[in-house]
Structures are given as C-alpha cells and as structure tokens.
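Colleague: The structure's right below; bear with me while I get my questions together.
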Amino acid sequence: MKKTIPLAYVTMLALLLAAALSVLVFSGPKSSELENRTLADPPMLTGESFSSGLFADQTEAFAEDHFPLRDQAVMLNATVNHLLGMTARQNVSLGPKGFFFDTSDGWSRRNVDLNLQAVQEIHEAAGIPTVVALVPSSGLILAGSLPEKPASGDRDELYAAEIPEGVLRVDLRETLGTAPDPEALYYRTDHHWTLDGAALGYRAVCGALGLDPEPVSVRASFPGFRGTLYARFPTLLAPEDTLLLPEVDHGIRLRIGEEEMDGLYDPEAMRKRDKYAALLYGNHGIVTLENDASSGVLFVLRDSYANALLPLLARHYGKIIAADPRYYTGDILSEIHESEADELLCLFGMASFSQSRALSLLDGL
Amino acid sequence: MLFSSLTFLLFFLPFVLIVHRVLPRALQNPFLLVSSLLFYAWRDLRYLPLFAALLLLSWGAGLLIAFLKSRNARRAVLTGAAAILAGTLLGYKICAAWQPYPEPGSLTGSSLPLGISFFSFQLIGYLADVYREDTPPERNLAAFGTFAFLFPQLVAGPIVRYSEIRKPLHELRRPGAEDLNAGAVQFVKGLAFKVLLANRLGEAWNVLSGISGSSASSWLGILSFSLQIYFDFYGYSLMACGMGRMLGFPFPENFRDPYLSRTVSEFWRRWHITLGAWFRDYVYIPLGGSRKGLPRTLAHLFLVWMLTGLWHGAAPNFLLWGLWHFLFIALEKTVLKTAWSRHPLLSRIVTLLAVILGWVLFAFDDPGRLLSFAGRLFSFAENGVFLFSIRQYGLLLLAALLCTATPLTGRIAGWLANRPVPAAAVCAVLLVLCMAALANASYNPFLYFRF
C-alpha cells in the first residue's frame with residue numbers, strides 16, 4: 001500500500017521547528033533598531049523563577065523578541081491591521097494624507113506646570129534674559145487643514161499654563177498655525193517638525209532674542225525617512241518622508257561632552273531608517289556648538305525638537321550650550337553659571353514637555 | 001501555558017508530537033502525562049498538588065465504586081467524591097468572583113486555577129459513568145492521569161468523556177496520514193481563529209465598549225464581542241481537537257455554527273456542545289428530564305441554566321445570563337412553540353438577538369458598567385462617531401461574519417480536502433501570520449532610547 005506523506009502536518013511541524021531552532025540557535029541582535037530598545041535576555045531557570053511564573057514570562061518574552069525576521073513579522077502584522085482599516089492603534093493613529101499622530105494619553109498639563117516652575121527657578125537663579133518656546137505637534141496644527149480632526153493628545157489647554165514672571169514666551173502655535181502650508185511643517189511618519197517648520201520656529205525665536213534671522217537654504221536631502229511614529233505602527237504601506245539638512249557655515253563645530261564631532265550631522269544615522277537622529281548626532285546630555293565668526297553665549301534647555309533649529313541659531317552666537325534634561329546628570333544651575341551665558345532659551349516640543357517631568361527633576365533645583 | 005503563545009507553539013508542541021509518535025505503547029501515556037503536568041505547572045505550579053489530590057481521589061473513588069456491591073455504598077462514594085469536586089470548583093468560583101485581587105500568599109491565589117471547571121466536570125462525569133456501569137473504571141493510574149490532564153483539552157475543553165477515549169488510551173497511538181493532516185489543518189484553523197480574528201475582535205470590543213453617544217457604535221461593539229467570544233472559544237476547541245487527532249485521540253466537536261440556530265434551545269446544542277451534553281446527561285436526565293410534566297420540566301431547566309451560569313462564574317451577571325437563556329427556552333417550550341415552527345426566519349432573528357443581548361450580561365461583571373452600556377445600546381443616539389467605528393472595524397467584522405457563514409467556509413474546506421498541496425500552503429500561510437501576530441505581542445517601541 002502506498003504510504004502518503006501527511007503534507008499539511010509535516011509543513012506545520014517544519015515551520016514550528018524552524019522557528020524554534022532559529023530562536024534557540026541564532027538568537028539575533030541584542031537591540032532592535034525599529035523599537036529603539038534592547039531585546040530580552042535568555043531566561044534564567046531557578047526553582048524560584050519557575051514557581052513564581054517569572055521563567056514562563058521570560059521565556060515567552062525571549063521567544064517573541066528573538067523570533068526570526070521579527071521586524072518583518074511586526075511590519076506584516078501592522079500591514080494586516082492597516083489593510084483591515086484598524087488604523088487607530090493604542091498610542092498612534094494613522095490619519096488622512098499619510099500623517100501619523102501621537103495619541104498616547106500621557107500629555108499632562110500637570111507636567112507642563114511643573115516644568116515651567118523649574119524654568120522659573122532657573123531663570124531666577126541665573127538672572128539672564130529667558131525665552132520659552134514650546135513647539136506644538138502636528139496633531140494640533142493640522143487640525144484645521146486635514147479633512148478630519150486628528151486624534152491627538154496635544155490640546156490648547158496645555159498651552160494655557162502660566163509662564164513665569166519675566167520670561168518671554170514665543171507662541172509657536174500662532175507661528176505654525178498661520179503658515180500657508182501647515183502640512184509641510186511636520187513629518188508624516190515622525191513626531192518632529194521638518195526644516196520648514198524649524199525655519200519658522202527659528203524666525204520666531206530670533207524675534208524674541210532680538211536677532212535678525214538669516215535665510216534658510218537646503219544643503220542636502222535624504223529620502224527614505226520613516227520616523228518614530230511609524231515605528232509604533234510600521235505598516236509597509238506607510239509613506240516615506242525626506243529629511244532636509246540646512247546649509248550652515250562649515251566653520252560651526254559640534255562638541256558632545258569633550259569630543260569634537262565631524263560636522264553637525266551623523267552620516268551613519270543618515271543611512272538608517274530614523275534619519276532625524278542624524279541631526280546634531282541625536283540626543284545627549286550636553287552638546288556645544290561653537291562659531292568663531294560670531295560672539296555671545298546662549299544656553300539652551302531642550303529636547304530633540306531643538307536639533308532641527310540649533311544649527312540655524314548657531315550662526316548668531318559664538319557658543320551655544322544645549323542641555324537635554326532627560327540625559328543631563330549634572331547640576332544645571334552651576335552649568336549655566338559656568339557657561340557665562342548671556343541668554344537662556346527653553347525650546348521643547350510639547351510632546352515631551354507634557355509627557356516628561358525631566359526638567360523639573362534636574363539636580364540643583 | 002497558553003496554546004496561543006510562542007512558548008507552546010515553538011518549544012512544546014513539536015517536541016511532544018514528535019516524541020509521542022516514536023515512543024513505544026508503554027511509554028506513551030506516562031510521557032503525555034508528564035508533558036501535560038509540565039504544561040499545567042508552567043504557569044500554575046502552586047495548584048498542581050490540588051489537582052493531583054483531586055485526581056487521586058477520583059481514581060480511588062472510581063475503583064471503589066466498581067468494587068463495592070451495595071448500591072447505597074456506591075452512591076455514597078459517588079456523592080462524596082462528586083461533592084468534593086463540585087465543592088472545590090464552587091469554592092474557587094466564589095473566591096474569584098468576590099475577591100479577584102486577594103492578598104499575596106493567600107491560599108486562594110490570584111485567580112481561578114486554570115482549567116478547574118473542565119477538570120472537575122470531566123472527573124464527576126467519569127465517576128457517574130462508572131456508577132451507572134456505562135464504563136469500567138480505569139485501573140492504570142498513568143492512563144487515568146492522561147485522561148484527566150490531557151493538555152489539549154485541560155484548559156478550555158471540550159469536556160471529554162472517559163468512554164470516548166478509553167480505547168485509544170490503551171493502544172499504541174500512531175495516527176495515519178489522514179488523521180495527522182486533518183488534525184494539523186484543524187489546529188491551524190483554530191489558531192488562526194483565535195489569533196487573527198478573536199484577538200482583533202477583542203481590540204475592537206475594548207474600544208467600542210468605551211464609546212459613548214453613538215448607539216450604533218455600541219451595537220457594533222456587542223457584535224464584535226459576540227464574534228470574539230465565538231472565535232476565541234471555537235478556536236481553542238478546534239486546536240484541542242486538532243491536537244487530539246494528531247496524538248490519536250478522537251475528541252468530540254464543541255461548536256456547530258451556533259449563530260445559525262432557530263431557537264435558543266438549539267443554540268445550546270450547537271454552542272459548547274459538550275457542556276450542554278454534560279448537564280443533560282448528569283443533571284437534567286437524572287432529575288427526570290421532560291418526563292414529569294411541564295412544570296417539573298421547567299424547574300429542571302431552570303436549575304440547569306442556573307448551574308450553567310454558575311459554571312461560567314459565581315458573579316451575579318453570569319447567573320442573570322443563565323436566567324436570560326432559561327427565559328427564552330421556557331418561552332420556546334410554551335408560548336412560542338407553534339409560532340416559532342411557523343415562522344422560522346423570525347425565530348432565527350429573535351434567537352440571534354436574544355443570544356447577542358445575552359452576551360451583554362456576560363461581558364460586564366460590574367453592574368454599573370453593565371447598565372451604562374445597556375443604556376448606550378438603547379439610547380439610539382448618534383454623535384457621528386459611528387463613521388470612525390465602521391471605518392476602523394467594519395472590514396474586520398465582515399471578515400469574521402464571512403468565516404461564520406457555513407456555505408463559504410464549508411465550500412473552501414471541501415475544496416481543500418482532496419488537494420494536499422494547496423491545503424499545506426494555506427496552513428503554512430496562516431501559521432506564519434499567526435506567529436507574526438504573536439511575536440508582535442512584545443513589540444513596544446520607545447521614542448527615546450531606553451538604556
């Protein structure tokens with residue numbers, strides 16, 4: 001009698017075994033570029049870990065994190081959701097014209113208030129002219145121009161927080177909201193502003209600092225950019241953005257801590273998916289921009305939104321020292337004092353200003 | 001362990017299937033028993049002693065019932081053992097309902113012991129069958145343990161009768177190509193129903209149940225829940241049956257297009273079939289069934305449906321849900337009897353509505369949220385959010401509805417039945433999509449790098 005091969009059964013077993021072997025033998029990278037985090041370590045089997053269920057959790061996390069072609073699996077899953085129309089995910093929503101919006105519920109007025117209190121303390125201690133500029137997200141600015149109101153955590157109530165006495169506020173909602181083409185001001189797949197948006201912000205900040213803004217031109221363009229919001233919902237049908245680098249004087253030098261960098265933009269990051277991370281070599285505790293052709297010192301408290309704007313502002317100052325509260329671990333008041341800064345600029349995207357209390361938790365305050 | 005997890009799919013299932021197949025007869029049961037114990041202990045080690053104790057109790061009671069001659073003595077053993085099993089089940093149900101978040105280290109643990117509802121019912125049924133002399137007792141502890149703990153049906157059914165698997169339990173199990181293929185296809189189909197459909201429908205229900213001001217969205221929501229619970233449970237049953245078949249055990253089917261039922265009574269012959277059959281054979285018929293006149297029949301049915309509700313949970317909403325089904329069944333046996341036989345389409349529509357609204361009672365164990373949702377369902381208000389709801393979940397619901405429609409899936413299954421290569425290809429595609437979805441579960445991107 002002819003022996004038939006149970007094809008479906010064998011196929012099923014083969015696929016499962018192949019996946020299992022791949023996880024066990026070829027464990028893959030330690031961190032995920034798409035997710036921006038380190039991947040799970042192999043599980044540790046002990047009597048305690050087994051009986052408490054920890055071993056079970058670790059094993060599942062390990063299998064999920066090191067699944068073969070995991071990034072592709074995640075993208076496949078996201079694409080299926082996209083094709084089904086399920087575009088409102090837990091913390092991101094894919095809206096009209098390919099715009100991704102941050103819909104996480106962590107945008108808190110309380111954080112804004114706490115952070116502004118910290119600005120007040122710093123302003124009073126430093127005793128120098130201070131400007132606060134909070135950059136609204138695409139969710140707020142594009143509410144009028146898109147066919148339907150995007151679901152976003154950004155809202156007017158966050159901007160109604162009290163600005164400290166003596167501090168000058170630049171209302172970027174006005175600046176960006178009245179632009180002729182608001183859709184050009186933001187990336188579709190990333191939560192940051194484009195060069196166009198940063199240029200408008202630059203002109204507004206110049207106005208507050210009493211500077212004459214210089215023209216903004218493009219040095220280079222890098223298509224194939226899919227940013228942070230795309231990473232939350234990595235559908236294969238997502239549009240691509242183009243990162244534009246502004247033309248600034250080659251004499252402007254960037255230092256991260258003590259290390260002098262090669263130019264203002266990271267060429268390695270430029271070759272990857274998240275190209276915004278190339279600007280000023282990404283996020284660091286403290287960076288310094290030096291321009292021998294100019295004079296004056298500006299101290300900036302900032303987040304990643306400033307990376308698009310500071311190269312433009314560096315044309316006006318001999319030195320710009322920029323501290324990111326999420327990564328800065330020193331005493332901020334001493335740092336400002338030692339820098340001998342003439343002015344202080346607080347430049348944050350409302351996204352992180354309202355979702356993080358890092359500024360209010362700085363040492364020295 | 002859960003079936004729909006990578007741990008189970010990658011590390012447990014292939015290993016068990018392959019090793020089981022090559023083992024000699026004498027080692028197959030012990031191997032399955034140990035694997036099932038590991039499967040259970042993986043997440044719930046602390047309950048293993050309890051389950052082992054109930055197992056030994058039932059095994060011993062079965063042997064004793066068969067050994068004793070006196071009817072009273074036999075009945076006493078049956079009643080005692082069944083009372084312990086049922087009492088343990090009831091105790092845990094009550095604890096879970098009234099104290100869902102107990103102190104750490106307490107005996108009642110953090111939730112219901114996994115699978116206790118199926119485990120205890122299977123053993124009570126076994127003891128009743130031995131008492132009625134429908135089956136001899138199982139003398140071999142390994143075989144009995146295998147029957148009670150068999151991992152495919154331990155967690156979510158179907159409720160298997162000892163007599164159904166007694167024969168394969170004592171034979172060398174080497175299923176042929178047809179069974180292996182049919183089992184694999186069934187398993188993958190069940191996994192796809194659970195992971196690709198039910199999980200997404202659950203997401204839809206989560207969002208839609210929270211939307212206020214749009215009655216239509218709430219209806220879309222309860223439709224999502226009705227489909228989620230179906231594909232979830234049916235998916236698990238298919239996986240269980242598929243795995244059983246690949247191991248050489250014929251498990252009974254548990255679902256047969258329940259939403260096509262003409263009456264609620266019929267619904268319970270198509271939904272969770274083995275539970276309905278269990279209550280029929282071990283509660284309803286022993287009490288007298290429908291043989292003692294209408295009032296007694298209704299009383300028996302009332303008891304059965306209260307117990308059905310209780311089996312699902314000891315909270316008031318589950319009892320209400322049982323009562324809700326009883327009301328319709330009572331009406332069908334009395335007032336609606338002739339009307340329903342003359343208007344089959346109307347009876348189908350009313351039955352479907354009754355079942356869907358019954359799920360509202362089932363879905364909320366908090367009375368406040370239940371009333372709030374019910375209010376939204378019947379407000380018939382619309383604030384425009386329905387456009388969002390239908391765009392987000394319309395296609396998913398359509399896909400789910402197509403999968404419940406018998407003609408379509410039946411025709412596809414029939415077409416694939418004699419075409420091994422397309423069947424294997426469909427299996428492969430579905431399996432890859434399922435694994436991709438499961439790998440996605442830990443996906444958690446950060447805007448800023450986490451050290």
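For the structure tokens, the naming scheme is as follows: chains receive sequential letters (A, B, ...) according to their order of presentation, residues are indexed from 1 within each chain, and ligands are indexed from 1 in presentation order.
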Counting only C-alpha atoms, a student should be able to say which residues of chain B come within 8 Å of chain A; what is the right answer, written as a ChimeraX atom specification?

Modeller: /B:5-7,9-11,14,42-46,177-178,180-181,183-185,391-396,420-421,423-425,427-428,431,433,435-451

Colleague: Would you list, as an NGL selection string, the residues of stretch 170-260 of chain A that end up in strand (DSSP E or B) under DSSP run on this structure's backbone?

Modeller: :A and (170 or 186 or 193 or 218-225 or 241-246 or 253-256 or 259-260)

Colleague: Identify which of the residues A:Glu162, A:Asp262, A:Asp181, A:Glu157 lies closest to A:Gln117, counting only C-alpha atoms when measuring atom-to-atom distances.

Modeller: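 For A:Gln117, the nearest of the candidates is A:Glu162.
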
Colleague: What is the distance between atom CA of A:Arg155 and atom CA of A:Leu140, in Å to one decimal?

Modeller: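 Here the two named atoms are 6.4 Å from each other.
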